[in-house]
Each structure stands twice: as structure tokens, then as C-alpha cells.
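Visitor: Handing you this structure, nothing more for now.
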Amino acid sequence: MSPDPGTAETARLAARLRAVGCVWAEEEVALLLDEALTPAHLEALVVRREAGVPLEVVVGWAAFAGVRVPVEPGVFVPRARSALLVRLAVEELGVRPAAAVVVDLGCGTGALGAAVASARPDAEVWAVDVDPAAVRCARQVLAPERVREGDLYDALPAALAGRVAVLLANAPYVPTAAVALMPPEARLHEQLRALDGGVDGLDVQRRVLAGAARWLAPDGLVLVETSRGQSAASAAAAGAAGMTARVEVADDLDAAVLVARPGR
């Protein structure tokens, strides 16, 4: 927005956001100023943020692992910790030939697939989500014909069976009873099915692992986001699906990822 509203106005807006619990108020104001077209537009953005609408929804996009992805209302906002999935996927692709197939199940905005494609433009990236709004977002950052709407593997073309080198899944893993304890930005503004993983949080993970064998290449890899507290249960679910598994953690991201391969 031009002209610059000045430091006094910036401080006033930051104080408004801080009063409603925005920890990074100054940074958020700077972003809102960049996005606002007019003073009236800026005020409308600030009011939405004061009302608790996630910043990414207010501005319509999120930055994740070096890429920018669109965010529609209700769509799961990518978290910084999910960058560990991208790191591990890119590392795996580094030892594979060009045009390896990557599938992002439950892709949300398409952030994981877009970040992998940015690092490895030669990869053949597919993405699936059951939410039409998420599919619309992902089709803006991935090849539209490779973004499918549907429930997990049901949406994948049969021609991918046995060809997937890396299968990514940031499936919901919050236990049902813990959803009510999540920050309001998540539990009030993201769809419940994107958060609730069932009684122990692993219902969708189990479905991902159980169905992976048909789609993976013989040396294919499954990467599933989990939590440190659930990592043993996630590994056990992989074992029950006939896979060997380990858990990778990243302290800088406070992240944990299940790494599983077919066979024992």
C-alpha cells in the first residue's frame, strides 16, 4: 500500500493485533501493509485478523519451504514443521533417476508437492485431496491434471500402481479428544476432517500405510508426518502393514516423520 502509513500507524495496528493475541504482531502488520491496496482495504484485513481469521487466509497465501501457495478459507494451512517431509523426499529423490513419481496424499494447498517440485523440477508430482477447495489451491501450484479430488488412493490413476518412488502424507493425526485443545485458528477455521485423526490420532495414517503397497515401486518410500509422542504407534502401524520403519526427527522444526519401506 502507498503511501507508507508511518511508524506511528504501524505501531497502532500492531498494538491492535497484539491485544487479540497475535505474538508476531509487527511482522503481521508488515505483511498486511504489503497486501493492502488502500487504507480501507488495510482496515478490512486488520479487522479480519482481529476476528481470529488465520493470517494466511486473510492474505490468501502461505509461504512454505521456499514456495508460496494459495490458501482458501477452510483449507488446512501448511505448518513449518512439515518441511521435514520435503527434506526427506528431496533427499530420497537425490539417489533416483529423473522423472521419479511423487504422490502427496491429503495435499491440502499442495504445499508439499509444490516444494518438492521446486527442488526437483524433473519429478512427476501428483496430489490428492478430498476437499474441492484444497484441490483448487493445489491446481494453482502443481500441474492441474495431476491434482485429483477424492479419498486417498481412490483418486489416483491406475497407471501409477507400482511406480511411486515417494509417497508423502501429512494425514490428520490429532486425537479426537485433543482437537478442542488446539489453537482457535485451527479448530475454528480449518475443516475437522483435516485435523481429527480418530481416537488415537492414527486412523488415516493406518489407511495410508495399509494401501501403500499397491502403489509403491519395489524400492518406494512412504513419508508420514507424526508426533514424537505418537511415533512408536506410527511405526507399529507400518509394521502391521508389512513395512519396515524408522522415525526421523528435526529439532529445528519440532517435527517427526515416519519413514517406511515395503518388506521387513
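By order of appearance in the C-alpha cells: chains A, B, ..., then residues from 1 within every chain, and ligands from 1 in the order shown.
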Given only C-alpha atoms, how would the per-residue table for range 56-108 of chain A near range 19-39 of chain A read, listing every residue at most 10 Å away with its closest atom pair and distance in Å to one decimal, sorted by chain and number, as JSON lines?
Guide:
{"residue": "A:Val58", "atom": "CA", "partner": "A:Leu32", "partner_atom": "CA", "distance": 8.6}
{"residue": "A:Val59", "atom": "CA", "partner": "A:Glu35", "partner_atom": "CA", "distance": 6.7}
{"residue": "A:Gly60", "atom": "CA", "partner": "A:Glu35", "partner_atom": "CA", "distance": 9.5}
Visitor: Could you go through range 133-221 of chain A and tell me which residues DSSP, when run on the backbone, assigns to strand (DSSP E or B), listing them as a VMD selection string?
Guide: chain A and resid 147 to 149 164 to 169 174 190 196 216 to 221
Visitor: What is the distance between CA of Val90 in chain A and CA of Glu72 in chain A, in Å to one decimal?
Guide: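 The value is 27.0 Å.
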Visitor: Which residues, written as a list of chain:residue names, have at least one atom at most 7 Å from range 205-212 of chain A, with only C-alpha atoms counted and residues fewer than 3 positions away on the same chain left out?
Guide: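 These residues fall inside the cut-off: A:Ala171, A:Leu202, A:Trp215, A:Leu216, A:Ala237, A:Ala238, A:Ala241.
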Visitor: Suppose we keep N, CA and C atoms; can you now write the selection as a CSV table (one decimal), in the first residue's frame?
Guide:
chain,number,residue,atom,x,y,z
A,171,ALA,N,-1.2,-36.7,6.9
A,171,ALA,CA,-2.6,-37.0,7.3
A,171,ALA,C,-2.9,-36.4,8.7
A,202,LEU,N,-4.4,-41.9,14.7
A,202,LEU,CA,-3.7,-42.6,13.6
A,202,LEU,C,-4.6,-43.3,12.6
A,215,TRP,N,0.8,-49.2,-4.7
A,215,TRP,CA,1.2,-48.0,-5.5
A,215,TRP,C,2.7,-47.8,-5.5
A,216,LEU,N,3.4,-48.3,-4.5
A,216,LEU,CA,4.8,-48.1,-4.4
A,216,LEU,C,5.6,-48.9,-5.4
A,237,ALA,N,2.1,-49.3,13.3
A,237,ALA,CA,1.1,-49.3,12.2
A,237,ALA,C,1.8,-49.7,10.9
A,238,ALA,N,3.0,-49.2,10.7
A,238,ALA,CA,3.7,-49.5,9.5
A,238,ALA,C,4.1,-51.0,9.5
A,241,ALA,N,1.3,-53.1,8.5
A,241,ALA,CA,1.1,-53.1,7.1
A,241,ALA,C,2.2,-53.8,6.3
Visitor: Looking at only C-alpha atoms, which of A:Ala83, A:Ala44, A:Val164, A:Met182 is the one that sits closest to Ala256 in chain A?
Guide: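 Using only C-alpha atoms, the shortest distance to Ala256 in chain A belongs to A:Ala83.
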Visitor: Can you list, as a ChimeraX atom specification, every protein, DNA or RNA residue that comes within 6 Å of range 243-253 of chain A when you count only C-alpha atoms, leaving out same-chain residues fewer than 4 positions away?
Guide: /A:81,235,238-239,257-264
Visitor: Smallest atom-to-atom distance to Val166 in chain A: which of A:Ala194, A:Ala111, A:Leu105, A:Ala133, using only C-alpha atoms?
Guide: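 Of the candidates, the smallest distance to Val166 in chain A is held by A:Leu105.
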Visitor: Skipping near chain neighbours, those fewer than 6 positions away, what residues fall within 12 Å of Glu185 in chain A using only C-alpha atoms, listed as a ChimeraX atom specification?
Guide: /A:21-22,48-58,73-77,179,191,195
Visitor: Atoms to include: N, CA and C atoms. Write the selected residues as a PDB file, in the first residue's frame.
Guide:
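Saved result, result.pdb, follows:
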ATOM      1  N   GLY A  21      -3.926 -11.257  20.814  1.00  0.00           N
ATOM      2  CA  GLY A  21      -3.100 -12.440  20.978  1.00  0.00           C
ATOM      3  C   GLY A  21      -2.151 -12.772  19.860  1.00  0.00           C
ATOM      4  N   CYS A  22      -1.951 -11.876  18.910  1.00  0.00           N
ATOM      5  CA  CYS A  22      -1.011 -12.130  17.813  1.00  0.00           C
ATOM      6  C   CYS A  22       0.415 -11.908  18.316  1.00  0.00           C
ATOM      7  N   ARG A  48     -10.386  -8.513  10.002  1.00  0.00           N
ATOM      8  CA  ARG A  48     -10.497  -9.974   9.857  1.00  0.00           C
ATOM      9  C   ARG A  48      -9.481 -10.685  10.748  1.00  0.00           C
ATOM     10  N   ARG A  49      -8.271 -10.142  10.778  1.00  0.00           N
ATOM     11  CA  ARG A  49      -7.244 -10.775  11.622  1.00  0.00           C
ATOM     12  C   ARG A  49      -7.621 -10.642  13.093  1.00  0.00           C
ATOM     13  N   GLU A  50      -8.151  -9.493  13.506  1.00  0.00           N
ATOM     14  CA  GLU A  50      -8.600  -9.317  14.887  1.00  0.00           C
ATOM     15  C   GLU A  50      -9.689 -10.323  15.240  1.00  0.00           C
ATOM     16  N   ALA A  51     -10.487 -10.703  14.261  1.00  0.00           N
ATOM     17  CA  ALA A  51     -11.573 -11.649  14.493  1.00  0.00           C
ATOM     18  C   ALA A  51     -11.075 -13.082  14.593  1.00  0.00           C
ATOM     19  N   GLY A  52      -9.766 -13.288  14.396  1.00  0.00           N
ATOM     20  CA  GLY A  52      -9.195 -14.622  14.545  1.00  0.00           C
ATOM     21  C   GLY A  52      -9.015 -15.398  13.264  1.00  0.00           C
ATOM     22  N   VAL A  53      -9.319 -14.784  12.130  1.00  0.00           N
ATOM     23  CA  VAL A  53      -9.103 -15.463  10.859  1.00  0.00           C
ATOM     24  C   VAL A  53      -7.593 -15.652  10.668  1.00  0.00           C
ATOM     25  N   PRO A  54      -7.146 -16.850  10.319  1.00  0.00           N
ATOM     26  CA  PRO A  54      -5.702 -17.066  10.142  1.00  0.00           C
ATOM     27  C   PRO A  54      -5.099 -16.064   9.167  1.00  0.00           C
ATOM     28  N   LEU A  55      -3.897 -15.627   9.457  1.00  0.00           N
ATOM     29  CA  LEU A  55      -3.233 -14.641   8.610  1.00  0.00           C
ATOM     30  C   LEU A  55      -3.159 -15.113   7.161  1.00  0.00           C
ATOM     31  N   GLU A  56      -2.878 -16.397   6.971  1.00  0.00           N
ATOM     32  CA  GLU A  56      -2.742 -16.930   5.612  1.00  0.00           C
ATOM     33  C   GLU A  56      -4.053 -16.843   4.836  1.00  0.00           C
ATOM     34  N   VAL A  57      -5.168 -16.986   5.544  1.00  0.00           N
ATOM     35  CA  VAL A  57      -6.475 -16.849   4.894  1.00  0.00           C
ATOM     36  C   VAL A  57      -6.762 -15.380   4.611  1.00  0.00           C
ATOM     37  N   VAL A  58      -6.379 -14.517   5.527  1.00  0.00           N
ATOM     38  CA  VAL A  58      -6.599 -13.075   5.340  1.00  0.00           C
ATOM     39  C   VAL A  58      -5.899 -12.590   4.078  1.00  0.00           C
ATOM     40  N   PRO A  73     -10.381 -20.091   2.416  1.00  0.00           N
ATOM     41  CA  PRO A  73     -10.991 -20.324   3.727  1.00  0.00           C
ATOM     42  C   PRO A  73     -11.330 -21.790   3.938  1.00  0.00           C
ATOM     43  N   GLY A  74     -11.019 -22.309   5.124  1.00  0.00           N
ATOM     44  CA  GLY A  74     -11.335 -23.683   5.482  1.00  0.00           C
ATOM     45  C   GLY A  74     -10.270 -24.691   5.128  1.00  0.00           C
ATOM     46  N   VAL A  75      -9.330 -24.325   4.249  1.00  0.00           N
ATOM     47  CA  VAL A  75      -8.290 -25.261   3.832  1.00  0.00           C
ATOM     48  C   VAL A  75      -7.174 -25.292   4.883  1.00  0.00           C
ATOM     49  N   PHE A  76      -6.632 -26.472   5.108  1.00  0.00           N
ATOM     50  CA  PHE A  76      -5.548 -26.646   6.073  1.00  0.00           C
ATOM     51  C   PHE A  76      -4.354 -25.785   5.685  1.00  0.00           C
ATOM     52  N   VAL A  77      -3.881 -24.994   6.633  1.00  0.00           N
ATOM     53  CA  VAL A  77      -2.740 -24.110   6.394  1.00  0.00           C
ATOM     54  C   VAL A  77      -1.449 -24.899   6.633  1.00  0.00           C
ATOM     55  N   VAL A 179      -8.603 -32.281  19.838  1.00  0.00           N
ATOM     56  CA  VAL A 179      -8.938 -31.241  18.868  1.00  0.00           C
ATOM     57  C   VAL A 179      -9.430 -29.975  19.569  1.00  0.00           C
ATOM     58  N   GLN A 191     -11.117 -27.341   8.428  1.00  0.00           N
ATOM     59  CA  GLN A 191     -12.115 -28.393   8.498  1.00  0.00           C
ATOM     60  C   GLN A 191     -11.700 -29.473   9.497  1.00  0.00           C
ATOM     61  N   LEU A 195      -8.028 -32.271  10.669  1.00  0.00           N
ATOM     62  CA  LEU A 195      -7.365 -32.234  11.973  1.00  0.00           C
ATOM     63  C   LEU A 195      -7.543 -33.528  12.760  1.00  0.00           C
TER      64      LEU A 195
END
Visitor: Any idea what's packed within 8 Å of range 142-152 of chain A, counting only C-alpha atoms, ignoring anything in its chain fewer than 3 positions away? Could you give it as a list in words?
Guide: Leu105, Gly106, Gly110, Gly113, Ala114, Val125, Trp126, Ala127, Val128, Asp129, Val130, Asp131, Pro132, Val135, Ala138, Arg139, Ala155, Leu156 and Val208 of chain A
